file data-v5.txt (compact mmCIF, C-alpha atoms)
# COMPACT_ATOMS: atom_id res chain seq x y z
CA MET A 24 34.19 3.48 -4.97
CA THR A 25 30.97 4.49 -3.29
CA MET A 26 27.76 3.16 -4.68
CA LEU A 27 24.19 4.35 -4.43
CA HIS A 28 21.58 1.59 -4.60
CA THR A 29 17.97 2.39 -5.35
CA VAL A 30 15.10 0.00 -4.57
CA ASN A 31 11.70 0.79 -6.11
CA LYS A 32 9.72 -2.41 -5.44
CA SER A 33 7.79 -3.43 -2.36
CA PRO A 34 9.74 -5.96 -0.28
CA PHE A 35 6.51 -7.92 0.02
CA GLU A 36 6.17 -8.31 -3.72
CA LYS A 37 9.71 -8.76 -5.02
CA ASP A 38 13.05 -9.76 -3.53
CA SER A 39 14.84 -6.63 -4.80
CA LEU A 40 15.46 -5.32 -1.29
CA THR A 41 16.80 -8.67 -0.06
CA SER A 42 19.19 -8.87 -3.00
CA CYS A 43 20.24 -5.26 -2.53
CA LEU A 44 21.01 -5.80 1.15
CA ARG A 45 22.94 -8.98 0.37
CA LEU A 46 24.94 -7.55 -2.52
CA SER A 47 25.78 -4.08 -1.28
CA GLU A 48 29.04 -3.29 0.49
CA ASP A 49 29.54 -1.72 3.88
CA GLY A 50 29.55 2.03 3.47
CA ALA A 51 27.13 1.91 0.56
CA SER A 52 24.01 4.07 0.39
CA ILE A 53 20.54 2.64 -0.18
CA LEU A 54 17.71 4.89 -1.32
CA LEU A 55 14.17 3.55 -1.08
CA ILE A 56 11.85 5.02 -3.73
CA GLU A 57 8.32 4.39 -5.10
CA ASP A 58 6.85 1.19 -3.56
CA GLY A 59 10.30 0.52 -2.11
CA ILE A 60 9.50 2.94 0.72
CA ILE A 61 7.27 0.26 2.23
CA ALA A 62 10.51 -1.19 3.64
CA ALA A 63 11.04 2.06 5.56
CA ILE A 64 7.98 1.48 7.77
CA GLU A 65 8.65 0.88 11.46
CA GLY A 66 7.11 -2.36 12.68
CA ALA A 67 6.84 -3.94 9.24
CA ALA A 68 8.17 -7.49 8.83
CA THR A 69 11.15 -6.01 6.99
CA SER A 70 12.17 -3.46 9.60
CA ASP A 71 14.66 -5.72 11.41
CA ALA A 72 16.55 -6.38 8.17
CA ILE A 73 16.67 -2.66 7.41
CA LYS A 74 17.88 -1.82 10.93
CA GLU A 75 20.59 -4.46 10.63
CA ALA A 76 21.72 -2.95 7.32
CA MET A 77 21.76 0.51 8.87
CA LYS A 78 24.60 -0.57 11.13
CA THR A 79 26.98 -0.58 8.16
CA LYS A 80 25.10 1.25 5.40
CA LYS A 81 23.28 4.54 5.05
CA VAL A 82 19.57 4.19 4.27
CA TYR A 83 17.46 6.95 2.73
CA ALA A 84 13.80 7.17 1.71
CA LEU A 85 12.30 9.50 -0.87
CA GLN A 86 10.00 11.82 1.05
CA GLU A 87 7.57 12.39 -1.84
CA ASP A 88 6.91 8.64 -2.08
CA VAL A 89 6.54 8.30 1.69
CA ASN A 90 3.97 11.11 1.74
CA ALA A 91 2.05 9.74 -1.25
CA ARG A 92 1.45 6.46 0.58
CA GLY A 93 0.35 8.11 3.81
CA VAL A 94 3.10 6.63 5.98
CA GLN A 95 4.66 9.90 7.11
CA GLY A 96 5.49 9.46 10.80
CA LYS A 97 5.96 5.70 10.43
CA VAL A 98 9.46 5.85 9.01
CA ILE A 99 12.15 4.01 11.00
CA ASP A 100 14.30 6.33 13.13
CA GLY A 101 17.65 6.86 11.46
CA ILE A 102 16.39 6.61 7.90
CA GLU A 103 17.07 9.97 6.33
CA GLN A 104 14.27 11.32 4.15
CA VAL A 105 15.36 13.20 1.04
CA ASP A 106 13.35 15.06 -1.59
CA TYR A 107 13.90 14.90 -5.36
CA ALA A 108 16.70 17.46 -5.14
CA GLY A 109 18.29 15.31 -2.44
CA PHE A 110 17.97 12.28 -4.73
CA VAL A 111 19.91 14.13 -7.44
CA LYS A 112 22.51 15.22 -4.90
CA LEU A 113 22.99 11.61 -3.76
CA VAL A 114 23.53 10.53 -7.36
CA THR A 115 26.21 13.19 -7.82
CA GLU A 116 27.92 12.27 -4.56
CA HIS A 117 28.37 8.62 -5.47
CA ASP A 118 30.59 7.08 -8.10
CA SER A 119 27.88 4.86 -9.51
CA VAL A 120 24.21 3.94 -9.14
CA GLN A 121 22.70 0.48 -9.07
CA SER A 122 18.93 0.32 -9.61
CA TRP A 123 17.37 -2.83 -8.17
CA VAL A 124 14.33 -2.71 -10.43
CA MET B 24 -33.73 -10.05 -8.87
CA SER B 25 -32.64 -13.63 -9.31
CA ASP B 26 -29.55 -13.02 -11.41
CA VAL B 27 -27.63 -11.05 -8.82
CA LYS B 28 -24.18 -12.53 -8.50
CA LYS B 29 -21.65 -12.20 -5.75
CA PHE B 30 -18.65 -10.25 -7.06
CA LEU B 31 -15.40 -10.06 -5.14
CA TYR B 32 -12.63 -7.63 -6.03
CA VAL B 33 -9.27 -8.66 -4.58
CA ASN B 34 -6.79 -5.79 -4.25
CA ARG B 35 -3.18 -6.81 -3.61
CA ARG B 36 -1.02 -3.90 -4.83
CA ALA B 37 0.14 -0.69 -3.20
CA PRO B 38 -1.17 2.49 -4.86
CA TYR B 39 0.86 4.81 -7.13
CA GLY B 40 3.83 2.50 -7.80
CA THR B 41 1.70 0.62 -10.30
CA ILE B 42 -1.66 1.38 -11.92
CA TYR B 43 -3.47 -1.67 -10.46
CA ALA B 44 -5.08 0.12 -7.51
CA TRP B 45 -6.55 2.91 -9.59
CA GLU B 46 -7.71 0.52 -12.33
CA SER B 47 -9.42 -1.64 -9.73
CA LEU B 48 -11.24 1.36 -8.28
CA GLU B 49 -12.42 2.37 -11.76
CA VAL B 50 -13.76 -1.11 -12.46
CA ILE B 51 -15.44 -1.28 -9.04
CA LEU B 52 -17.25 2.02 -9.68
CA ILE B 53 -18.31 0.96 -13.17
CA GLY B 54 -19.46 -2.40 -11.83
CA ALA B 55 -21.46 -0.68 -9.11
CA ALA B 56 -23.92 0.46 -11.78
CA PHE B 57 -25.00 -3.14 -12.40
CA ASP B 58 -26.65 -3.83 -9.04
CA GLN B 59 -24.56 -6.84 -8.18
CA ASP B 60 -23.61 -8.03 -4.70
CA VAL B 61 -20.14 -6.49 -4.40
CA THR B 62 -17.47 -7.24 -1.83
CA LEU B 63 -13.97 -5.76 -1.72
CA ALA B 64 -10.94 -7.43 -0.19
CA PHE B 65 -7.67 -5.67 0.57
CA VAL B 66 -4.77 -8.03 1.19
CA ASP B 67 -0.96 -7.95 0.93
CA ASP B 68 0.23 -4.50 -0.22
CA GLY B 69 -3.37 -3.71 -1.18
CA VAL B 70 -3.93 -2.55 2.39
CA PHE B 71 -1.91 0.59 1.57
CA GLN B 72 -4.73 1.70 -0.73
CA LEU B 73 -6.90 2.39 2.34
CA VAL B 74 -4.22 4.09 4.44
CA LYS B 75 -5.33 7.63 5.33
CA GLY B 76 -3.26 10.74 4.69
CA HIS B 77 -2.07 10.09 1.14
CA ASP B 78 -0.33 13.25 -0.07
CA THR B 79 0.59 12.85 -3.72
CA ALA B 80 1.46 16.47 -4.51
CA GLY B 81 5.16 15.63 -4.49
CA ILE B 82 4.92 12.80 -7.01
CA GLU B 83 2.54 14.79 -9.21
CA MET B 84 -0.01 11.98 -9.45
CA LYS B 85 -3.74 12.10 -8.80
CA ASN B 86 -4.61 11.25 -5.21
CA PHE B 87 -7.55 8.91 -5.78
CA SER B 88 -7.86 7.84 -2.15
CA PRO B 89 -10.79 10.22 -1.35
CA THR B 90 -12.84 8.19 -3.84
CA TYR B 91 -12.95 5.23 -1.43
CA ALA B 92 -15.14 7.35 0.85
CA ALA B 93 -17.76 7.48 -1.91
CA LEU B 94 -18.12 3.69 -2.15
CA GLY B 95 -20.84 3.69 0.51
CA ASP B 96 -23.01 5.85 -1.75
CA TYR B 97 -22.73 3.12 -4.39
CA ASP B 98 -23.99 0.50 -1.92
CA ILE B 99 -20.51 -0.97 -1.61
CA ASN B 100 -20.26 -1.55 2.11
CA LYS B 101 -18.56 -4.91 2.50
CA ILE B 102 -14.89 -4.01 2.63
CA TYR B 103 -12.64 -6.65 4.16
CA VAL B 104 -9.03 -6.04 5.18
CA GLU B 105 -6.82 -8.97 6.10
CA LYS B 106 -5.45 -8.63 9.62
CA GLU B 107 -2.27 -10.57 8.83
CA SER B 108 -1.44 -8.22 5.95
CA LEU B 109 -1.84 -5.17 8.17
CA GLU B 110 0.34 -6.65 10.90
CA ALA B 111 3.16 -7.65 8.53
CA ARG B 112 3.32 -4.02 7.39
CA GLY B 113 3.30 -2.38 10.81
CA LEU B 114 -0.24 -1.08 10.29
CA THR B 115 -3.48 -1.21 12.29
CA ILE B 116 -7.07 -0.29 11.45
CA ASP B 117 -6.35 3.14 12.97
CA ASP B 118 -4.04 3.84 10.03
CA LEU B 119 -6.91 3.32 7.58
CA GLN B 120 -9.56 5.71 6.37
CA HIS B 121 -12.84 5.53 8.29
CA LEU B 122 -15.26 4.41 5.58
CA VAL B 123 -18.96 4.39 6.32
CA TRP B 124 -22.29 3.70 4.64
CA GLU B 125 -25.86 4.65 5.51
CA ASP B 126 -28.33 1.85 6.19
CA GLU B 127 -31.69 2.85 4.75
CA ASP B 128 -33.40 0.01 6.65
CA GLU B 129 -32.32 1.59 9.93
CA ASP B 130 -33.22 5.23 9.32
CA TRP B 131 -29.97 5.87 7.43
CA ALA B 132 -27.82 4.96 10.40
CA GLU B 133 -24.15 5.37 9.63
CA LYS B 134 -22.24 2.10 9.80
CA ASP B 135 -18.61 1.09 9.31
CA SER B 136 -17.78 -0.40 5.92
CA ILE B 137 -14.35 -1.76 6.76
CA LYS B 138 -14.03 -5.01 8.64
CA VAL B 139 -10.65 -6.43 9.60
CA VAL B 140 -10.75 -10.21 9.22
CA SER B 141 -8.36 -13.10 9.63
CA SER B 142 -6.91 -15.08 6.73
CA ALA B 143 -9.24 -17.95 7.55
CA GLU B 144 -12.31 -15.69 7.54
CA LEU B 145 -11.22 -14.15 4.24
CA ALA B 146 -10.64 -17.56 2.69
CA GLU B 147 -14.14 -18.64 3.68
CA MET B 148 -15.63 -15.46 2.22
CA MET B 149 -13.72 -15.95 -1.04
CA GLY B 150 -15.14 -19.43 -1.32
CA GLN B 151 -18.68 -18.05 -1.33
CA GLN B 152 -18.25 -15.80 -4.37
CA ASP B 153 -19.58 -16.32 -7.90
CA VAL B 154 -17.01 -14.08 -9.58
CA VAL B 155 -13.56 -13.06 -8.32
CA LEU B 156 -11.67 -10.22 -10.01
CA SER B 157 -8.05 -9.81 -8.99
CA PHE B 158 -5.92 -6.66 -9.15
call {"tool": "encode", "arguments": {"input": "data-v5.txt", "output": "structure tokens"}}
result
Amino acid sequence: MTMLHTVNKSPFEKDSLTSCLRLSEDGASILLIEDGIIAAIEGAATSDAIKEAMKTKKVYALQEDVNARGVQGKVIDGIEQVDYAGFVKLVTEHDSVQSWV
Amino acid sequence: MSDVKKFLYVNRRAPYGTIYAWESLEVILIGAAFDQDVTLAFVDDGVFQLVKGHDTAGIEMKNFSPTYAALGDYDINKIYVEKESLEARGLTIDDLQHLVWEDEDEDWAEKDSIKVVSSAELAEMMGQQDVVLSF
């Protein structure tokens, strides 16, 4: 079973990301969307936790949400940016989706 | 005018994910018509409201960030950004829009509106306000 996790809340406002990282299996995919993309910023207080997770999990960020917040070019190396079509593709490629709302 | 009060708007949310940032900006602009002494503070995720280069075409939402540049024309020129909030998010003042106002007492000299301050400085400034509105 492969699972896609989506996180749509800022890591500075809610603990959704922390819970997602703790409760997702190795090999899982994590897609950061909406305010969740704040966790994709290099140099943020959360970036070490994300980089640690990237050793065993695949991390994505929704490009449209990155662009909207003006942090293009600040995304951690190794985080793959996907567009809405890529989001849909990820959903189809995984057996299930867990939304950490 | 003796009944001028010191108003502080505290902005703590990132834009677009929730409506708080836009609502705050609307209230600030409406409030600007009442000739009060207005100060804005951007702390926590609120600092993302001032980040330059917002491109909202992809999420099909209105990009309201250019409106911040108009605040100077409404005599809103005290804009404080908490240094600690910027640092925790991997941001510096160079990532923010360059907001200015024109000082009519100095031949309309252009001056910076944004000031990056420490938590302690912000706390002191908050303590001097008559009214604090939080978004």
call {"tool": "residues_around", "arguments": {"input": "data-v5.txt", "residues": "range 103-109 of chain A", "least_positions_apart": "3", "cutoff": "10 Å", "atoms": "all atoms listed in the file", "output": "MDAnalysis selection string"}}
result
(chainID A and resid 54:55 63 81:89 98:100 112:115) or (chainID B and resid 81:82)
call {"tool": "closest_atom_pairs", "arguments": {"input": "data-v5.txt", "of": "chain B", "to": "chain A", "cutoff": "9 Å", "atoms": "all atoms listed in the file", "output": "JSON lines"}}
result
{"residue": "B:Arg36", "atom": "CA", "partner": "A:Glu36", "partner_atom": "CA", "distance": 8.5}
{"residue": "B:Ala37", "atom": "CA", "partner": "A:Asp58", "partner_atom": "CA", "distance": 7.0}
{"residue": "B:Pro38", "atom": "CA", "partner": "A:Arg92", "partner_atom": "CA", "distance": 7.2}
{"residue": "B:Tyr39", "atom": "CA", "partner": "A:Glu57", "partner_atom": "CA", "distance": 7.7}
{"residue": "B:Gly40", "atom": "CA", "partner": "A:Asp58", "partner_atom": "CA", "distance": 5.4}
{"residue": "B:Thr41", "atom": "CA", "partner": "A:Asp58", "partner_atom": "CA", "distance": 8.5}
{"residue": "B:Asp67", "atom": "CA", "partner": "A:Phe35", "partner_atom": "CA", "distance": 7.5}
{"residue": "B:Asp68", "atom": "CA", "partner": "A:Phe35", "partner_atom": "CA", "distance": 7.2}
{"residue": "B:Phe71", "atom": "CA", "partner": "A:Arg92", "partner_atom": "CA", "distance": 6.8}
{"residue": "B:Gln72", "atom": "CA", "partner": "A:Arg92", "partner_atom": "CA", "distance": 7.9}
{"residue": "B:Val74", "atom": "CA", "partner": "A:Gly93", "partner_atom": "CA", "distance": 6.1}
{"residue": "B:Lys75", "atom": "CA", "partner": "A:Gly93", "partner_atom": "CA", "distance": 5.9}
{"residue": "B:Gly76", "atom": "CA", "partner": "A:Gly93", "partner_atom": "CA", "distance": 4.6}
{"residue": "B:His77", "atom": "CA", "partner": "A:Gly93", "partner_atom": "CA", "distance": 4.1}
{"residue": "B:Asp78", "atom": "CA", "partner": "A:Ala91", "partner_atom": "CA", "distance": 4.4}
{"residue": "B:Thr79", "atom": "CA", "partner": "A:Ala91", "partner_atom": "CA", "distance": 4.2}
{"residue": "B:Ala80", "atom": "CA", "partner": "A:Ala91", "partner_atom": "CA", "distance": 7.5}
{"residue": "B:Gly81", "atom": "CA", "partner": "A:Glu87", "partner_atom": "CA", "distance": 4.8}
{"residue": "B:Ile82", "atom": "CA", "partner": "A:Glu87", "partner_atom": "CA", "distance": 5.8}
{"residue": "B:Met84", "atom": "CA", "partner": "A:Ala91", "partner_atom": "CA", "distance": 8.7}
{"residue": "B:Asn86", "atom": "CA", "partner": "A:Ala91", "partner_atom": "CA", "distance": 7.9}
{"residue": "B:Leu109", "atom": "CA", "partner": "A:Ala67", "partner_atom": "CA", "distance": 8.8}
{"residue": "B:Glu110", "atom": "CA", "partner": "A:Ala67", "partner_atom": "CA", "distance": 7.2}
{"residue": "B:Ala111", "atom": "CA", "partner": "A:Ala68", "partner_atom": "CA", "distance": 5.0}
{"residue": "B:Arg112", "atom": "CA", "partner": "A:Ala67", "partner_atom": "CA", "distance": 4.0}
{"residue": "B:Gly113", "atom": "CA", "partner": "A:Ala67", "partner_atom": "CA", "distance": 4.2}
{"residue": "B:Leu114", "atom": "CA", "partner": "A:Ala67", "partner_atom": "CA", "distance": 7.7}
{"residue": "B:Asp118", "atom": "CA", "partner": "A:Val94", "partner_atom": "CA", "distance": 8.7}
call {"tool": "write_last_selection", "arguments": {"input": "data-v5.txt", "atoms": "C-alpha atoms", "output": "PDB file, in the frame of the given file"}}
result
ATOM      1  CA  ARG B  36      -1.020  -3.900  -4.830  1.00  0.00           C
ATOM      2  CA  ALA B  37       0.140  -0.690  -3.200  1.00  0.00           C
ATOM      3  CA  PRO B  38      -1.170   2.490  -4.860  1.00  0.00           C
ATOM      4  CA  TYR B  39       0.860   4.810  -7.130  1.00  0.00           C
ATOM      5  CA  GLY B  40       3.830   2.500  -7.800  1.00  0.00           C
ATOM      6  CA  THR B  41       1.700   0.620 -10.300  1.00  0.00           C
ATOM      7  CA  ASP B  67      -0.960  -7.950   0.930  1.00  0.00           C
ATOM      8  CA  ASP B  68       0.230  -4.500  -0.220  1.00  0.00           C
ATOM      9  CA  PHE B  71      -1.910   0.590   1.570  1.00  0.00           C
ATOM     10  CA  GLN B  72      -4.730   1.700  -0.730  1.00  0.00           C
ATOM     11  CA  VAL B  74      -4.220   4.090   4.440  1.00  0.00           C
ATOM     12  CA  LYS B  75      -5.330   7.630   5.330  1.00  0.00           C
ATOM     13  CA  GLY B  76      -3.260  10.740   4.690  1.00  0.00           C
ATOM     14  CA  HIS B  77      -2.070  10.090   1.140  1.00  0.00           C
ATOM     15  CA  ASP B  78      -0.330  13.250  -0.070  1.00  0.00           C
ATOM     16  CA  THR B  79       0.590  12.850  -3.720  1.00  0.00           C
ATOM     17  CA  ALA B  80       1.460  16.470  -4.510  1.00  0.00           C
ATOM     18  CA  GLY B  81       5.160  15.630  -4.490  1.00  0.00           C
ATOM     19  CA  ILE B  82       4.920  12.800  -7.010  1.00  0.00           C
ATOM     20  CA  MET B  84      -0.010  11.980  -9.450  1.00  0.00           C
ATOM     21  CA  ASN B  86      -4.610  11.250  -5.210  1.00  0.00           C
ATOM     22  CA  LEU B 109      -1.840  -5.170   8.170  1.00  0.00           C
ATOM     23  CA  GLU B 110       0.340  -6.650  10.900  1.00  0.00           C
ATOM     24  CA  ALA B 111       3.160  -7.650   8.530  1.00  0.00           C
ATOM     25  CA  ARG B 112       3.320  -4.020   7.390  1.00  0.00           C
ATOM     26  CA  GLY B 113       3.300  -2.380  10.810  1.00  0.00           C
ATOM     27  CA  LEU B 114      -0.240  -1.080  10.290  1.00  0.00           C
ATOM     28  CA  ASP B 118      -4.040   3.840  10.030  1.00  0.00           C
TER      29      ASP B 118
END
call {"tool": "atom_distance", "arguments": {"input": "data-v5.txt", "atom1": "CA of Trp123 in chain A", "atom2": "CA of Ser88 in chain B"}}
result
28.0 Å
call {"tool": "closest_residue", "arguments": {"input": "data-v5.txt", "among": "B:Val155, B:Leu73, B:Phe65, B:Lys134", "to": "Gly95 in chain B", "atoms": "all atoms listed in the file"}}
result
B:Lys134
call {"tool": "atom_distance", "arguments": {"input": "data-v5.txt", "atom1": "CA of Glu127 in chain B", "atom2": "CA of Leu48 in chain B"}}
result
24.3 Å
call {"tool": "closest_residue", "arguments": {"input": "data-v5.txt", "among": "B:Leu63, B:Ala92, B:Met148, B:Val70", "to": "Ile116 in chain B", "atoms": "only C-alpha atoms"}}
result
B:Val70
call {"tool": "residues_around", "arguments": {"input": "data-v5.txt", "residues": "Asp153 in chain B", "least_positions_apart": "4", "cutoff": "12 Å", "atoms": "all atoms listed in the file", "output": "VMD selection string"}}
result
chain B and resid 26 to 32 59 to 62 148 to 149
call {"tool": "residues_around", "arguments": {"input": "data-v5.txt", "residues": "Phe158 in chain B", "least_positions_apart": "3", "cutoff": "7 Å", "atoms": "only C-alpha atoms", "output": "list in words"}}
result
Val33, Asn34, Arg35, Tyr43 and Ser47 of chain B
call {"tool": "atom_distance", "arguments": {"input": "data-v5.txt", "atom1": "CA of Ile53 in chain A", "atom2": "CA of Ile42 in chain B"}}
result
25.1 Å
call {"tool": "residues_near_point", "arguments": {"input": "data-v5.txt", "point": "(23.0, -3.0, -8.0)", "cutoff": "7 Å", "atoms": "all atoms listed in the file", "output": "NGL selection string"}}
result
:A and (28 or 43 or 121-123)
call {"tool": "axis_aligned_box", "arguments": {"input": "data-v5.txt", "around": "range 55-72 of chain B", "padding_each_side": "8 Å", "output": "lines of an AutoDock Vina configuration file"}}
result
center_x = -13.2
center_y = -3.2
center_z = -5.0
size_x = 42.9
size_y = 25.7
size_z = 30.8
